[in-house]
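A.B. asks: Before we start, here is the structure in question, set down as structure tokens.
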Amino acid sequence: LKSQRLHVRHTLQRYGREYSLAEPKTTRSRRIIALAPSTVKSLTHHRARQAEERLIAGPNWSDEDFVFSTEFGKPLDVGELGRKYLRTLLADSDISIALRFHDLRHTAISFALSRGVAPTDVAEMAGHSSVALTLTRYAHALPDASRRASDAIEDAIAG
């Protein structure tokens, strides 16, 4: 949190009720992502609440240092994450669309591209193996790409 960066070093693999940490799929999946100040603030508050949960759990706390965990420090199940937390958050926000937790990743990537973030930067953030993958999968997020390109060329010539 002090560096305002997220370090992606592992993936969580589940086998029934058991889990283990594994290496990310590709070398590009292992990455560092800059965090927005509002995200750092939210995560700082989250960490404080998690410290309270640790105290309440006492010796039942599993000290594995997961950012998001159960009330006993174990990793959250992705299905439970969607059912228990995301659906509640959406309902509380009067959002009636059904979303999977992974849809948030797609939304973030689409927003970044639609706001003009360079595809190379988006591919790095997403951990995609190539920019081509990002552009192929998210071409829909670039509806005005040709307009922006021609405007940029016009500005350069006029400039």
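Here, A, B, ... name the chains of the structure tokens in the order displayed, residue numbers run from 1 inside each chain, and ligands are numbered from 1 in the same displayed order.
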Write out as a PDB file with C-alpha atoms, in the first residue's frame each polymer residue whose atoms come within 7 Å of Ser62 in chain A, counting only C-alpha atoms; drop sequence neighbours fewer than 5 positions from it.

C.D. replies:
ATOM      1  CA  PHE A  72     -10.573 -16.516   9.662  1.00  0.00           C
ATOM      2  CA  GLY A  73      -7.927 -15.423   7.157  1.00  0.00           C
ATOM      3  CA  LYS A  74      -8.542 -18.150   4.572  1.00  0.00           C
TER       4      LYS A  74
END

A.B. asks: Got a sec: who's within 8 Å of range 76-85 of chain A, counting only C-alpha atoms, leaving out chain neighbours fewer than 6 positions off, as a ChimeraX atom specification?

C.D. replies: /A:68-70,100-101

A.B. asks: For the residues selected in the previous step, produce a file with N, CA and C atoms as a JSON list (two decimals), in the first residue's frame.

C.D. replies:
[["chain", "number", "residue", "atom", "x", "y", "z"],
["A", 68, "PHE", "N", -7.86, -10.35, 0.53],
["A", 68, "PHE", "CA", -9.27, -10.58, 0.77],
["A", 68, "PHE", "C", -9.42, -11.99, 1.30],
["A", 69, "SER", "N", -10.05, -12.10, 2.45],
["A", 69, "SER", "CA", -10.12, -13.40, 3.11],
["A", 69, "SER", "C", -11.43, -13.56, 3.85],
["A", 70, "THR", "N", -11.64, -14.78, 4.32],
["A", 70, "THR", "CA", -12.77, -15.03, 5.20],
["A", 70, "THR", "C", -12.49, -14.40, 6.55],
["A", 100, "ARG", "N", -20.78, -11.41, -13.03],
["A", 100, "ARG", "CA", -19.83, -12.29, -12.36],
["A", 100, "ARG", "C", -18.67, -11.42, -11.90],
["A", 101, "PHE", "N", -17.94, -11.89, -10.91],
["A", 101, "PHE", "CA", -16.82, -11.10, -10.41],
["A", 101, "PHE", "C", -15.82, -10.83, -11.54]]

A.B. asks: Return as a VMD selection string the full set of residues in range 44-159 of chain A whose backbone-based DSSP assignment is helix (DSSP H, G or I).

C.D. replies: chain A and resid 44 to 60 78 to 92 101 to 114 119 to 126 131 to 137 139 to 141 145 to 158

A.B. asks: Just how far from CA of Leu35 in chain A is CA of Arg137 in chain A, in Å to one decimal?

C.D. replies: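 For CA of Arg137 in chain A relative to CA of Leu35 in chain A, the distance reads 23.7 Å.
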
A.B. asks: Between CA of Ala91 in chain A and CA of Asp65 in chain A, what is the spacing in Å?

C.D. replies: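 Computed distance, CA of Asp65 in chain A to CA of Ala91 in chain A, equals 29.4 Å.
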
A.B. asks: Find the residues around Ser38 in chain A up to 12 Å (only C-alpha atoms counted), leave out those fewer than 5 positions away in its own chain, and share them as a PyMOL selection string.

C.D. replies: chain A and resi 1+4+43-45

A.B. asks: If DSSP is run on the backbone, what residues of range 5-114 of chain A are strand (DSSP E or B)? A reply as a VMD selection string would be ideal.

C.D. replies: chain A and resid 5 to 8 11 to 15 18 to 22 31 to 34 69 75

A.B. asks: Work out how far apart CA of Asp144 in chain A and CA of Ile97 in chain A are and give it in Å to one decimal.

C.D. replies: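 According to the coordinates, CA of Asp144 in chain A and CA of Ile97 in chain A are separated by 26.0 Å.
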
A.B. asks: Identify, on the basis of only C-alpha atoms, every residue whose closest approach to Arg105 in chain A does not exceed 12 Å; exclude the query and any residue fewer than 4 positions from it along the same chain; express the result as a list of chain:residue names.

C.D. replies: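 Near neighbours after the sequence-gap exclusion: A:Leu99, A:Arg100, A:Phe101, A:Ile109, A:Ser110, A:Phe111, A:Ala112, A:Val122, A:Met125, A:Ala126, A:Gly127, A:Tyr138.
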
A.B. asks: Put those residues in a file: N, CA and C atoms, as an mmCIF file, in the first residue's frame.

C.D. replies:
data_model
loop_
_atom_site.group_PDB
_atom_site.id
_atom_site.type_symbol
_atom_site.label_atom_id
_atom_site.label_comp_id
_atom_site.auth_asym_id
_atom_site.auth_seq_id
_atom_site.Cartn_x
_atom_site.Cartn_y
_atom_site.Cartn_z
ATOM 1 N N LEU A 99 -23.941 -9.796 -12.718
ATOM 2 C CA LEU A 99 -22.528 -9.774 -13.061
ATOM 3 C C LEU A 99 -21.786 -10.882 -12.343
ATOM 4 N N ARG A 100 -20.785 -11.406 -13.025
ATOM 5 C CA ARG A 100 -19.829 -12.293 -12.361
ATOM 6 C C ARG A 100 -18.669 -11.422 -11.897
ATOM 7 N N PHE A 101 -17.945 -11.886 -10.905
ATOM 8 C CA PHE A 101 -16.823 -11.103 -10.413
ATOM 9 C C PHE A 101 -15.819 -10.829 -11.539
ATOM 10 N N ILE A 109 -10.885 -3.137 -18.202
ATOM 11 C CA ILE A 109 -10.095 -3.115 -19.432
ATOM 12 C C ILE A 109 -10.821 -2.319 -20.514
ATOM 13 N N SER A 110 -12.119 -2.535 -20.652
ATOM 14 C CA SER A 110 -12.906 -1.802 -21.650
ATOM 15 C C SER A 110 -12.915 -0.308 -21.357
ATOM 16 N N PHE A 111 -13.091 0.064 -20.079
ATOM 17 C CA PHE A 111 -13.069 1.482 -19.707
ATOM 18 C C PHE A 111 -11.727 2.104 -20.053
ATOM 19 N N ALA A 112 -10.640 1.437 -19.717
ATOM 20 C CA ALA A 112 -9.311 1.987 -19.982
ATOM 21 C C ALA A 112 -9.119 2.237 -21.474
ATOM 22 N N VAL A 122 -2.649 -1.099 -21.368
ATOM 23 C CA VAL A 122 -3.777 -1.930 -20.939
ATOM 24 C C VAL A 122 -3.383 -3.408 -20.949
ATOM 25 N N MET A 125 -1.286 -4.046 -17.911
ATOM 26 C CA MET A 125 -2.107 -4.064 -16.703
ATOM 27 C C MET A 125 -2.882 -5.371 -16.587
ATOM 28 N N ALA A 126 -3.427 -5.829 -17.723
ATOM 29 C CA ALA A 126 -4.252 -7.039 -17.725
ATOM 30 C C ALA A 126 -3.425 -8.319 -17.654
ATOM 31 N N GLY A 127 -2.132 -8.202 -17.939
ATOM 32 C CA GLY A 127 -1.293 -9.390 -17.951
ATOM 33 C C GLY A 127 -1.479 -10.238 -19.189
ATOM 34 N N TYR A 138 -10.884 -6.953 -27.118
ATOM 35 C CA TYR A 138 -11.568 -5.739 -26.667
ATOM 36 C C TYR A 138 -11.742 -4.697 -27.774
#

A.B. asks: Excluding Leu142 in chain A and any residue of its chain fewer than 3 positions from it, enumerate the residues within 12 Å of it, using only C-alpha atoms, and give them as a ChimeraX atom specification.

C.D. replies: /A:109-119,134-139,145-149
